[in-house]
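Listing of data12.cif, mmCIF, C-alpha atoms (C1' of nucleotides)
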data_target
#
loop_
_atom_site.label_atom_id
_atom_site.label_comp_id
_atom_site.auth_asym_id
_atom_site.auth_seq_id
_atom_site.Cartn_x
_atom_site.Cartn_y
_atom_site.Cartn_z
CA MET A 1235 -74.51 -77.10 -83.94
CA ALA A 1236 -74.22 -80.71 -82.90
CA ARG A 1237 -72.44 -82.05 -79.88
CA ALA A 1238 -68.69 -81.63 -79.66
CA ALA A 1239 -66.65 -84.33 -81.36
CA THR A 1240 -65.56 -87.28 -79.25
CA THR A 1241 -62.09 -86.67 -80.58
CA SER A 1242 -62.01 -83.12 -79.25
CA ASP A 1243 -60.95 -83.96 -75.73
CA ALA A 1244 -60.69 -86.63 -73.08
CA PHE A 1245 -64.02 -85.70 -71.49
CA ASN A 1246 -65.92 -86.47 -74.66
CA ALA A 1247 -63.95 -89.61 -75.43
CA VAL A 1248 -64.55 -91.00 -71.97
CA ALA A 1249 -68.28 -90.28 -72.06
CA GLU A 1250 -68.71 -93.59 -73.86
CA PRO A 1251 -68.93 -96.52 -71.42
CA ARG A 1252 -67.26 -98.95 -73.82
CA ARG A 1253 -64.26 -96.69 -74.07
CA ARG A 1254 -64.01 -96.51 -70.30
CA GLU A 1255 -63.97 -100.29 -70.22
CA ILE A 1256 -61.22 -100.37 -72.81
CA LEU A 1257 -59.14 -97.84 -70.90
CA THR A 1258 -59.53 -99.82 -67.69
CA LEU A 1259 -58.42 -102.97 -69.45
CA LEU A 1260 -55.44 -101.39 -71.19
CA VAL A 1261 -54.04 -99.57 -68.20
CA VAL A 1262 -52.84 -102.73 -66.48
CA ARG A 1263 -50.91 -103.97 -69.50
CA GLU A 1264 -50.91 -103.59 -73.24
CA HIS A 1265 -53.30 -105.73 -75.27
CA ALA A 1266 -53.59 -106.64 -78.92
CA VAL A 1267 -56.84 -105.63 -80.61
CA SER A 1268 -57.94 -109.25 -80.83
CA GLU A 1269 -57.44 -109.63 -77.08
CA ILE A 1270 -59.67 -106.62 -76.43
CA VAL A 1271 -62.29 -108.09 -78.74
CA ALA A 1272 -62.18 -111.42 -76.91
CA THR A 1273 -62.10 -109.99 -73.41
CA LEU A 1274 -64.77 -107.33 -73.73
CA ARG A 1275 -66.95 -109.17 -76.28
CA ILE A 1276 -67.21 -106.21 -78.63
CA ASP A 1277 -67.17 -106.52 -82.43
CA GLN A 1278 -63.73 -105.98 -83.91
CA PRO A 1279 -64.64 -103.00 -86.11
CA SER A 1280 -66.25 -101.37 -83.12
CA VAL A 1281 -63.13 -101.87 -81.04
CA SER A 1282 -60.97 -100.42 -83.80
CA LYS A 1283 -63.21 -97.37 -84.00
CA HIS A 1284 -63.13 -96.82 -80.25
CA LEU A 1285 -59.36 -97.19 -80.27
CA ARG A 1286 -59.17 -94.60 -83.01
CA VAL A 1287 -61.02 -92.09 -80.84
CA LEU A 1288 -58.87 -92.93 -77.84
CA ARG A 1289 -55.74 -92.57 -79.93
CA ASP A 1290 -56.81 -89.22 -81.35
CA THR A 1291 -57.34 -87.88 -77.86
CA GLY A 1292 -54.03 -89.28 -76.66
CA LEU A 1293 -55.69 -91.64 -74.20
CA VAL A 1294 -53.95 -94.71 -75.61
CA ARG A 1295 -50.61 -95.45 -77.21
CA MET A 1296 -50.00 -97.99 -79.96
CA ARG A 1297 -47.12 -100.28 -80.74
CA CYS A 1298 -46.86 -102.36 -83.91
CA GLN A 1299 -45.48 -105.87 -83.83
CA GLY A 1300 -45.88 -107.91 -86.94
CA ARG A 1301 -49.50 -107.89 -87.95
CA GLN A 1302 -50.62 -107.17 -84.43
CA LYS A 1303 -51.01 -103.81 -82.81
CA PHE A 1304 -50.69 -103.46 -79.08
CA TYR A 1305 -52.51 -100.72 -77.30
CA GLN A 1306 -51.94 -99.35 -73.84
CA THR A 1307 -53.63 -96.65 -71.84
CA ASN A 1308 -51.72 -93.41 -71.48
CA ALA A 1309 -52.75 -92.68 -67.91
CA GLU A 1310 -51.27 -89.18 -68.05
CA ALA A 1311 -54.08 -88.13 -70.41
CA ILE A 1312 -56.67 -88.90 -67.76
CA ARG A 1313 -55.04 -86.59 -65.27
CA PRO A 1314 -56.79 -83.39 -66.42
CA MET A 1315 -60.13 -85.02 -65.72
CA HIS A 1316 -58.95 -86.13 -62.32
CA ASP A 1317 -57.73 -82.63 -61.57
CA TRP A 1318 -61.00 -81.09 -62.66
CA THR A 1319 -63.13 -83.40 -60.56
CA ALA A 1320 -60.75 -82.87 -57.65
CA THR A 1321 -61.73 -79.20 -57.48
CA PHE A 1322 -65.11 -80.40 -56.24
CA GLU A 1323 -63.72 -82.68 -53.55
CA ARG A 1324 -63.76 -80.15 -50.73
CA TYR A 1325 -67.37 -79.40 -51.52
CA TRP A 1326 -68.66 -82.93 -51.33
CA ARG A 1327 -66.59 -83.38 -48.17
CA HIS A 1328 -68.37 -80.36 -46.82
CA GLN A 1329 -71.74 -81.74 -47.87
CA LEU A 1330 -70.99 -85.05 -46.21
CA MET A 1331 -69.99 -83.28 -43.03
CA ARG A 1332 -73.29 -81.43 -42.97
CA VAL A 1333 -75.20 -84.68 -43.52
CA LYS A 1334 -73.27 -86.24 -40.67
CA GLU A 1335 -73.91 -83.28 -38.42
CA ARG A 1336 -77.61 -83.42 -39.16
CA ALA A 1337 -77.67 -87.15 -38.48
CA GLU A 1338 -75.95 -86.61 -35.17
CA ALA A 1339 -78.29 -83.77 -34.27
CA LYS A 1340 -81.23 -86.02 -35.05
CA ALA A 1341 -79.72 -88.83 -33.02
CA SER A 1342 -79.26 -86.58 -30.03
CA GLN A 1343 -82.85 -85.38 -30.42
CA ILE A 1344 -84.02 -88.97 -30.41
CA SER A 1345 -82.06 -89.80 -27.28
CA ALA A 1346 -83.46 -86.64 -25.73
CA SER A 1347 -87.02 -87.76 -26.53
CA ASP A 1348 -86.11 -91.24 -25.31
CA ALA A 1349 -85.08 -89.70 -22.06
CA ALA A 1350 -88.31 -87.74 -21.98
CA ASN A 1351 -90.30 -90.91 -22.62
CA LYS A 1352 -88.38 -92.64 -19.91
CA GLU A 1353 -89.27 -89.85 -17.53
CA LYS A 1354 -92.93 -90.13 -18.55
CA LYS A 1355 -93.02 -93.79 -17.70
CA MET B 1105 -77.39 -96.18 -82.70
CA ALA B 1106 -76.57 -92.61 -81.83
CA ARG B 1107 -74.40 -91.43 -78.99
CA ALA B 1108 -75.68 -91.96 -75.47
CA ALA B 1109 -77.95 -89.25 -74.12
CA THR B 1110 -76.30 -86.45 -72.15
CA THR B 1111 -78.85 -87.17 -69.48
CA SER B 1112 -77.76 -90.78 -69.12
CA ASP B 1113 -74.99 -90.13 -66.63
CA ALA B 1114 -72.55 -87.60 -65.23
CA PHE B 1115 -69.84 -88.55 -67.72
CA ASN B 1116 -72.02 -87.58 -70.66
CA ALA B 1117 -73.38 -84.44 -69.01
CA VAL B 1118 -69.91 -83.19 -68.18
CA ALA B 1119 -68.57 -83.81 -71.67
CA GLU B 1120 -69.95 -80.39 -72.61
CA PRO B 1121 -67.52 -77.56 -71.74
CA ARG B 1122 -70.29 -75.08 -71.01
CA ARG B 1123 -71.76 -77.40 -68.46
CA ARG B 1124 -68.41 -77.77 -66.79
CA GLU B 1125 -68.21 -74.00 -66.54
CA ILE B 1126 -71.66 -73.87 -65.02
CA LEU B 1127 -70.81 -76.55 -62.47
CA THR B 1128 -67.64 -74.72 -61.49
CA LEU B 1129 -69.59 -71.53 -61.01
CA LEU B 1130 -72.39 -73.11 -59.02
CA VAL B 1131 -70.25 -75.11 -56.65
CA VAL B 1132 -69.05 -72.08 -54.74
CA ARG B 1133 -72.54 -70.76 -54.06
CA GLU B 1134 -76.00 -70.96 -55.57
CA HIS B 1135 -76.87 -68.65 -58.45
CA ALA B 1136 -80.10 -67.56 -60.10
CA VAL B 1137 -80.40 -68.38 -63.79
CA SER B 1138 -80.05 -64.73 -64.73
CA GLU B 1139 -76.79 -64.54 -62.79
CA ILE B 1140 -75.42 -67.50 -64.71
CA VAL B 1141 -76.47 -65.86 -67.97
CA ALA B 1142 -74.73 -62.63 -67.00
CA THR B 1143 -71.58 -64.23 -65.65
CA LEU B 1144 -70.92 -66.79 -68.34
CA ARG B 1145 -72.37 -64.77 -71.23
CA ILE B 1146 -74.53 -67.61 -72.52
CA ASP B 1147 -78.03 -67.13 -73.96
CA GLN B 1148 -80.74 -67.67 -71.40
CA PRO B 1149 -82.50 -70.52 -73.22
CA SER B 1150 -79.18 -72.25 -73.61
CA VAL B 1151 -78.47 -71.95 -69.89
CA SER B 1152 -81.90 -73.33 -69.06
CA LYS B 1153 -81.28 -76.29 -71.33
CA HIS B 1154 -77.90 -77.02 -69.82
CA LEU B 1155 -79.39 -76.75 -66.35
CA ARG B 1156 -82.04 -79.23 -67.35
CA VAL B 1157 -79.41 -81.77 -68.32
CA LEU B 1158 -77.46 -81.12 -65.13
CA ARG B 1159 -80.62 -81.50 -63.10
CA ASP B 1160 -81.60 -84.75 -64.79
CA THR B 1161 -78.22 -86.25 -63.98
CA GLY B 1162 -78.37 -84.99 -60.41
CA LEU B 1163 -75.39 -82.70 -60.87
CA VAL B 1164 -77.28 -79.61 -59.67
CA ARG B 1165 -80.04 -78.92 -57.19
CA MET B 1166 -82.71 -76.26 -57.60
CA ARG B 1167 -84.50 -74.01 -55.15
CA CYS B 1168 -87.43 -71.78 -56.07
CA GLN B 1169 -87.79 -68.33 -54.60
CA GLY B 1170 -90.44 -66.13 -56.10
CA ARG B 1171 -89.94 -65.95 -59.78
CA GLN B 1172 -86.29 -66.81 -59.49
CA LYS B 1173 -84.76 -70.26 -59.37
CA PHE B 1174 -81.46 -70.81 -57.63
CA TYR B 1175 -79.20 -73.59 -58.74
CA GLN B 1176 -76.28 -75.12 -56.93
CA THR B 1177 -73.87 -77.87 -57.82
CA ASN B 1178 -74.38 -81.19 -56.09
CA ALA B 1179 -70.72 -82.05 -55.68
CA GLU B 1180 -71.54 -85.58 -54.55
CA ALA B 1181 -72.64 -86.43 -58.08
CA ILE B 1182 -69.16 -85.72 -59.41
CA ARG B 1183 -67.59 -88.18 -57.04
CA PRO B 1184 -68.07 -91.29 -59.24
CA MET B 1185 -66.05 -89.58 -61.97
CA HIS B 1186 -63.34 -88.67 -59.50
CA ASP B 1187 -63.24 -92.23 -58.25
CA TRP B 1188 -63.01 -93.62 -61.76
CA THR B 1189 -60.16 -91.35 -62.77
CA ALA B 1190 -58.44 -92.10 -59.46
CA THR B 1191 -58.02 -95.73 -60.49
CA PHE B 1192 -55.50 -94.48 -63.05
CA GLU B 1193 -53.52 -92.39 -60.61
CA ARG B 1194 -51.00 -95.05 -59.66
CA TYR B 1195 -50.32 -95.66 -63.33
CA TRP B 1196 -49.54 -92.10 -64.27
CA ARG B 1197 -47.41 -91.88 -61.12
CA HIS B 1198 -45.58 -94.92 -62.38
CA GLN B 1199 -45.20 -93.41 -65.83
CA LEU B 1200 -43.82 -90.20 -64.36
CA MET B 1201 -41.37 -92.15 -62.27
CA ARG B 1202 -40.09 -93.95 -65.35
CA VAL B 1203 -39.73 -90.67 -67.18
CA LYS B 1204 -37.78 -89.27 -64.26
CA GLU B 1205 -35.59 -92.35 -64.09
CA ARG B 1206 -34.81 -92.14 -67.77
CA ALA B 1207 -33.97 -88.47 -67.44
CA GLU B 1208 -31.64 -89.21 -64.56
CA ALA B 1209 -30.04 -92.08 -66.44
CA LYS B 1210 -29.47 -89.79 -69.37
CA ALA B 1211 -28.07 -87.09 -67.13
CA SER B 1212 -25.61 -89.52 -65.57
CA GLN B 1213 -24.61 -90.71 -69.04
CA ILE B 1214 -23.93 -87.14 -70.01
CA SER B 1215 -21.78 -86.51 -66.94
CA ALA B 1216 -19.98 -89.76 -67.68
CA SER B 1217 -19.22 -88.62 -71.21
CA ASP B 1218 -18.28 -85.23 -69.84
CA ALA B 1219 -15.82 -86.98 -67.59
CA ALA B 1220 -14.53 -88.98 -70.52
CA ASN B 1221 -14.12 -85.81 -72.54
CA LYS B 1222 -12.27 -84.25 -69.68
CA GLU B 1223 -9.89 -87.19 -69.55
CA LYS B 1224 -9.38 -86.94 -73.31
CA LYS B 1225 -8.31 -83.35 -73.00
"C1'" DT C 193 -106.51 -57.42 -64.64
"C1'" DT C 194 -102.61 -55.90 -67.11
"C1'" DG C 195 -97.93 -55.64 -67.67
"C1'" DA C 196 -93.18 -56.60 -66.46
"C1'" DC C 197 -89.94 -59.88 -65.20
"C1'" DA C 198 -87.67 -64.76 -64.75
"C1'" DT C 199 -87.30 -69.08 -66.52
"C1'" DA C 200 -88.60 -73.12 -69.40
"C1'" DT C 201 -89.96 -75.28 -73.57
"C1'" DT C 202 -90.59 -76.02 -78.49
"C1'" DC C 203 -89.32 -76.07 -83.17
"C1'" DC C 204 -85.76 -75.87 -86.48
"C1'" DG C 205 -81.40 -77.13 -89.00
"C1'" DA C 206 -76.84 -78.97 -89.15
"C1'" DT C 207 -73.94 -82.40 -87.53
"C1'" DA C 208 -71.56 -86.07 -85.03
"C1'" DT C 209 -72.44 -90.03 -83.44
"C1'" DA C 210 -72.56 -95.72 -82.55
"C1'" DG C 211 -73.55 -100.05 -84.37
"C1'" DG C 212 -73.79 -103.52 -88.14
"C1'" DC C 213 -72.00 -105.15 -92.19
"C1'" DA C 214 -68.92 -105.33 -96.03
"C1'" DT C 215 -64.57 -104.46 -97.48
"C1'" DA C 216 -59.86 -102.55 -97.73
"C1'" DT C 217 -55.10 -102.68 -96.04
"C1'" DA C 218 -51.16 -104.67 -94.13
"C1'" DT C 219 -48.33 -108.70 -92.67
"C1'" DT C 220 -47.03 -113.43 -92.17
"C1'" DT C 221 -46.81 -118.11 -93.88
"C1'" DG C 222 -46.86 -121.98 -97.19
"C1'" DC D 240 -47.71 -115.70 -105.55
"C1'" DA D 241 -51.80 -117.20 -102.81
"C1'" DA D 242 -54.07 -117.94 -98.58
"C1'" DA D 243 -54.68 -116.79 -93.92
"C1'" DT D 244 -54.53 -113.64 -90.21
"C1'" DA D 245 -54.95 -108.96 -87.84
"C1'" DT D 246 -56.63 -104.61 -88.02
"C1'" DA D 247 -58.72 -100.43 -90.08
"C1'" DT D 248 -61.97 -98.04 -92.81
"C1'" DG D 249 -66.25 -96.99 -95.49
"C1'" DC D 250 -71.11 -96.93 -95.99
"C1'" DC D 251 -75.61 -96.81 -94.01
"C1'" DT D 252 -79.40 -95.77 -90.68
"C1'" DA D 253 -81.38 -94.03 -86.60
"C1'" DT D 254 -80.78 -90.89 -83.17
"C1'" DA D 255 -79.26 -87.35 -79.86
"C1'" DT D 256 -77.37 -83.54 -79.89
"C1'" DC D 257 -76.37 -77.88 -79.69
"C1'" DG D 258 -77.54 -73.32 -80.86
"C1'" DG D 259 -80.83 -69.78 -82.19
"C1'" DA D 260 -85.27 -67.75 -82.40
"C1'" DA D 261 -89.86 -67.69 -80.98
"C1'" DT D 262 -92.91 -68.68 -77.60
"C1'" DA D 263 -94.97 -70.65 -73.42
"C1'" DT D 264 -95.30 -70.80 -68.38
"C1'" DG D 265 -95.09 -68.84 -63.96
"C1'" DT D 266 -94.74 -65.04 -60.59
"C1'" DC D 267 -94.84 -60.48 -58.81
"C1'" DA D 268 -96.44 -55.49 -58.87
"C1'" DA D 269 -99.35 -51.51 -59.96
#
Taking this structure as input, can you express it in the form of structure tokens?
Amino acid sequence: MARAATTSDAFNAVAEPRRREILTLLVVREHAVSEIVATLRIDQPSVSKHLRVLRDTGLVRMRCQGRQKFYQTNAEAIRPMHDWTATFERYWRHQLMRVKERAEAKASQISASDAANKEKK
Amino acid sequence: MARAATTSDAFNAVAEPRRREILTLLVVREHAVSEIVATLRIDQPSVSKHLRVLRDTGLVRMRCQGRQKFYQTNAEAIRPMHDWTATFERYWRHQLMRVKERAEAKASQISASDAANKEKK
DNA sequence: TTGACATATTCCGATATAGGCATATATTTG
DNA sequence: CAAATATATGCCTATATCGGAATATGTCAA
């Protein structure tokens, strides 16, 4: 079996750096395809293909106006990823605390040896 | 060009559902490979391969003990993803607020028409 | 040393990809 | 209608994948 389709879920769609750029651009305000092409300097067919993936996964919404199509990020669709990563937050907090504790322990050791050196002198 | 390598960054590594399961399992406490195999019901070679990807992206740490190898999630490595998704938080909050506002507007319209109906009667 | 156990790697086949280029499909304008 | 504009799709190639099976590597125990 090959890798899961990019259209299968947000995690796969967002694995592509270009698509992350597009999402970041489109979350502030809607953009026409040509604006995305100009801003991010990506070939138009490539942009259209990325937008297709993002649309299929519900990460962007489209609005037609004349011959232009305006896309905007659907931030709600990113929430599941945020929630998933958030389950790890307490653990990296914990890790950071341990690092800090070790640093402080080391620091106190150093001041202790400083004191010892001082005594030596 | 093909898709970016799963080993290129956390986003790509985490795109695979199995690997997300493994990370969730290993964040609570370290597990030997055989324990992962038993718990998640995945073939041993497959687990080893996923662990390799997770190790290459820094998402897990390994500790050898005899013939066993214990893996544990390095939660810190998930933080960049959390940070990236967090940049969208204010936007989905905003979207939710608008949805709520519309719902309330609609509700007040309904009560208004209810009132009108009442008057009619 | 031999064998049992734990884990990693390799080879295979099928598939989904991303980019580049050409082209098709609207839609507006003259 | 024809030309111009805006976007989407199709075709192609190279590549990275995932799973499965076999096998290699490494470690302990008798």
Distance cut-off 12 Å, counting only C-alpha atoms (C1' of nucleotides) - which residues of chain D neighbour chain A? Return them as an mmCIF file with C-alpha atoms (C1' of nucleotides), keeping the file's coordinate frame.
data_model
loop_
_atom_site.group_PDB
_atom_site.id
_atom_site.type_symbol
_atom_site.label_atom_id
_atom_site.label_comp_id
_atom_site.auth_asym_id
_atom_site.auth_seq_id
_atom_site.Cartn_x
_atom_site.Cartn_y
_atom_site.Cartn_z
ATOM 1 C "C1'" DA D 243 -54.680 -116.790 -93.920
ATOM 2 C "C1'" DT D 244 -54.530 -113.640 -90.210
ATOM 3 C "C1'" DA D 245 -54.950 -108.960 -87.840
ATOM 4 C "C1'" DT D 246 -56.630 -104.610 -88.020
ATOM 5 C "C1'" DA D 247 -58.720 -100.430 -90.080
ATOM 6 C "C1'" DT D 248 -61.970 -98.040 -92.810
ATOM 7 C "C1'" DG D 249 -66.250 -96.990 -95.490
ATOM 8 C "C1'" DA D 255 -79.260 -87.350 -79.860
ATOM 9 C "C1'" DT D 256 -77.370 -83.540 -79.890
ATOM 10 C "C1'" DC D 257 -76.370 -77.880 -79.690
ATOM 11 C "C1'" DG D 258 -77.540 -73.320 -80.860
ATOM 12 C "C1'" DG D 259 -80.830 -69.780 -82.190
#
* To do: Kindly give the distance, in Å, that separates atom CA of His1154 of chain B and atom CA of Asn1178 of chain B, rounded to a single decimal.
  =>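 Between these atoms lies a distance of 14.8 Å.
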* Asked: With only C-alpha atoms (C1' of nucleotides) as the basis for distance, which of B:Glu1139, B:His1198, B:Ala1179, B:Thr1111 is at the shortest distance from chain C?
  ->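 Smallest separation from chain C among the options: B:Glu1139.
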* **Selection under test: the PyMOL selection byres ((chain A) within 10 of (chain B)); residues as a PyMOL selection string** => chain A and resi 1237-1240+1243-1251+1254+1257-1258+1261-1262+1307-1330
Keeping only C-alpha atoms, take the residues you just selected and write them out as an mmCIF file, in the frame of the given file.
data_model
loop_
_atom_site.group_PDB
_atom_site.id
_atom_site.type_symbol
_atom_site.label_atom_id
_atom_site.label_comp_id
_atom_site.auth_asym_id
_atom_site.auth_seq_id
_atom_site.Cartn_x
_atom_site.Cartn_y
_atom_site.Cartn_z
ATOM 1 C CA ARG A 1237 -72.440 -82.050 -79.880
ATOM 2 C CA ALA A 1238 -68.690 -81.630 -79.660
ATOM 3 C CA ALA A 1239 -66.650 -84.330 -81.360
ATOM 4 C CA THR A 1240 -65.560 -87.280 -79.250
ATOM 5 C CA ASP A 1243 -60.950 -83.960 -75.730
ATOM 6 C CA ALA A 1244 -60.690 -86.630 -73.080
ATOM 7 C CA PHE A 1245 -64.020 -85.700 -71.490
ATOM 8 C CA ASN A 1246 -65.920 -86.470 -74.660
ATOM 9 C CA ALA A 1247 -63.950 -89.610 -75.430
ATOM 10 C CA VAL A 1248 -64.550 -91.000 -71.970
ATOM 11 C CA ALA A 1249 -68.280 -90.280 -72.060
ATOM 12 C CA GLU A 1250 -68.710 -93.590 -73.860
ATOM 13 C CA PRO A 1251 -68.930 -96.520 -71.420
ATOM 14 C CA ARG A 1254 -64.010 -96.510 -70.300
ATOM 15 C CA LEU A 1257 -59.140 -97.840 -70.900
ATOM 16 C CA THR A 1258 -59.530 -99.820 -67.690
ATOM 17 C CA VAL A 1261 -54.040 -99.570 -68.200
ATOM 18 C CA VAL A 1262 -52.840 -102.730 -66.480
ATOM 19 C CA THR A 1307 -53.630 -96.650 -71.840
ATOM 20 C CA ASN A 1308 -51.720 -93.410 -71.480
ATOM 21 C CA ALA A 1309 -52.750 -92.680 -67.910
ATOM 22 C CA GLU A 1310 -51.270 -89.180 -68.050
ATOM 23 C CA ALA A 1311 -54.080 -88.130 -70.410
ATOM 24 C CA ILE A 1312 -56.670 -88.900 -67.760
ATOM 25 C CA ARG A 1313 -55.040 -86.590 -65.270
ATOM 26 C CA PRO A 1314 -56.790 -83.390 -66.420
ATOM 27 C CA MET A 1315 -60.130 -85.020 -65.720
ATOM 28 C CA HIS A 1316 -58.950 -86.130 -62.320
ATOM 29 C CA ASP A 1317 -57.730 -82.630 -61.570
ATOM 30 C CA TRP A 1318 -61.000 -81.090 -62.660
ATOM 31 C CA THR A 1319 -63.130 -83.400 -60.560
ATOM 32 C CA ALA A 1320 -60.750 -82.870 -57.650
ATOM 33 C CA THR A 1321 -61.730 -79.200 -57.480
ATOM 34 C CA PHE A 1322 -65.110 -80.400 -56.240
ATOM 35 C CA GLU A 1323 -63.720 -82.680 -53.550
ATOM 36 C CA ARG A 1324 -63.760 -80.150 -50.730
ATOM 37 C CA TYR A 1325 -67.370 -79.400 -51.520
ATOM 38 C CA TRP A 1326 -68.660 -82.930 -51.330
ATOM 39 C CA ARG A 1327 -66.590 -83.380 -48.170
ATOM 40 C CA HIS A 1328 -68.370 -80.360 -46.820
ATOM 41 C CA GLN A 1329 -71.740 -81.740 -47.870
ATOM 42 C CA LEU A 1330 -70.990 -85.050 -46.210
#
* Asked: Quick one: of A:Ser1280, A:Arg1336, A:Ile1270, A:Arg1263, who's nearest to chain C, counting all atoms listed in the file?
  ->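 The answer is A:Ser1280, which sits nearest to chain C.
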* To do: Using atom CA of Ala1142 of chain B and atom CA of Val1164 of chain B as the two end points, give the distance in Å to one decimal.
  =>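 Interatomic distance, atom CA of Ala1142 of chain B to atom CA of Val1164 of chain B: 18.7 Å.
Atom CA of Glu1255 of chain A is found 27.4 Å from atom C1' of DT217 of chain C.
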* Asked: Given the file above and the PyMOL selection byres ((chain D and resi 269) around 10), which residues are selected, and can you give them as a VMD selection string?
  -> (chain C and resid 194 to 195) or (chain D and resid 268)
* Result set, the PyMOL selection byres ((chain C) within 9 of (chain A)) on current file, as a VMD selection string -> chain C and resid 205 to 211 218 to 220
* Who sits within 6 Å of Phe1174 of chain B, all atoms listed in the file, same chain under 2 positions skipped, as a count of residues only -> 5
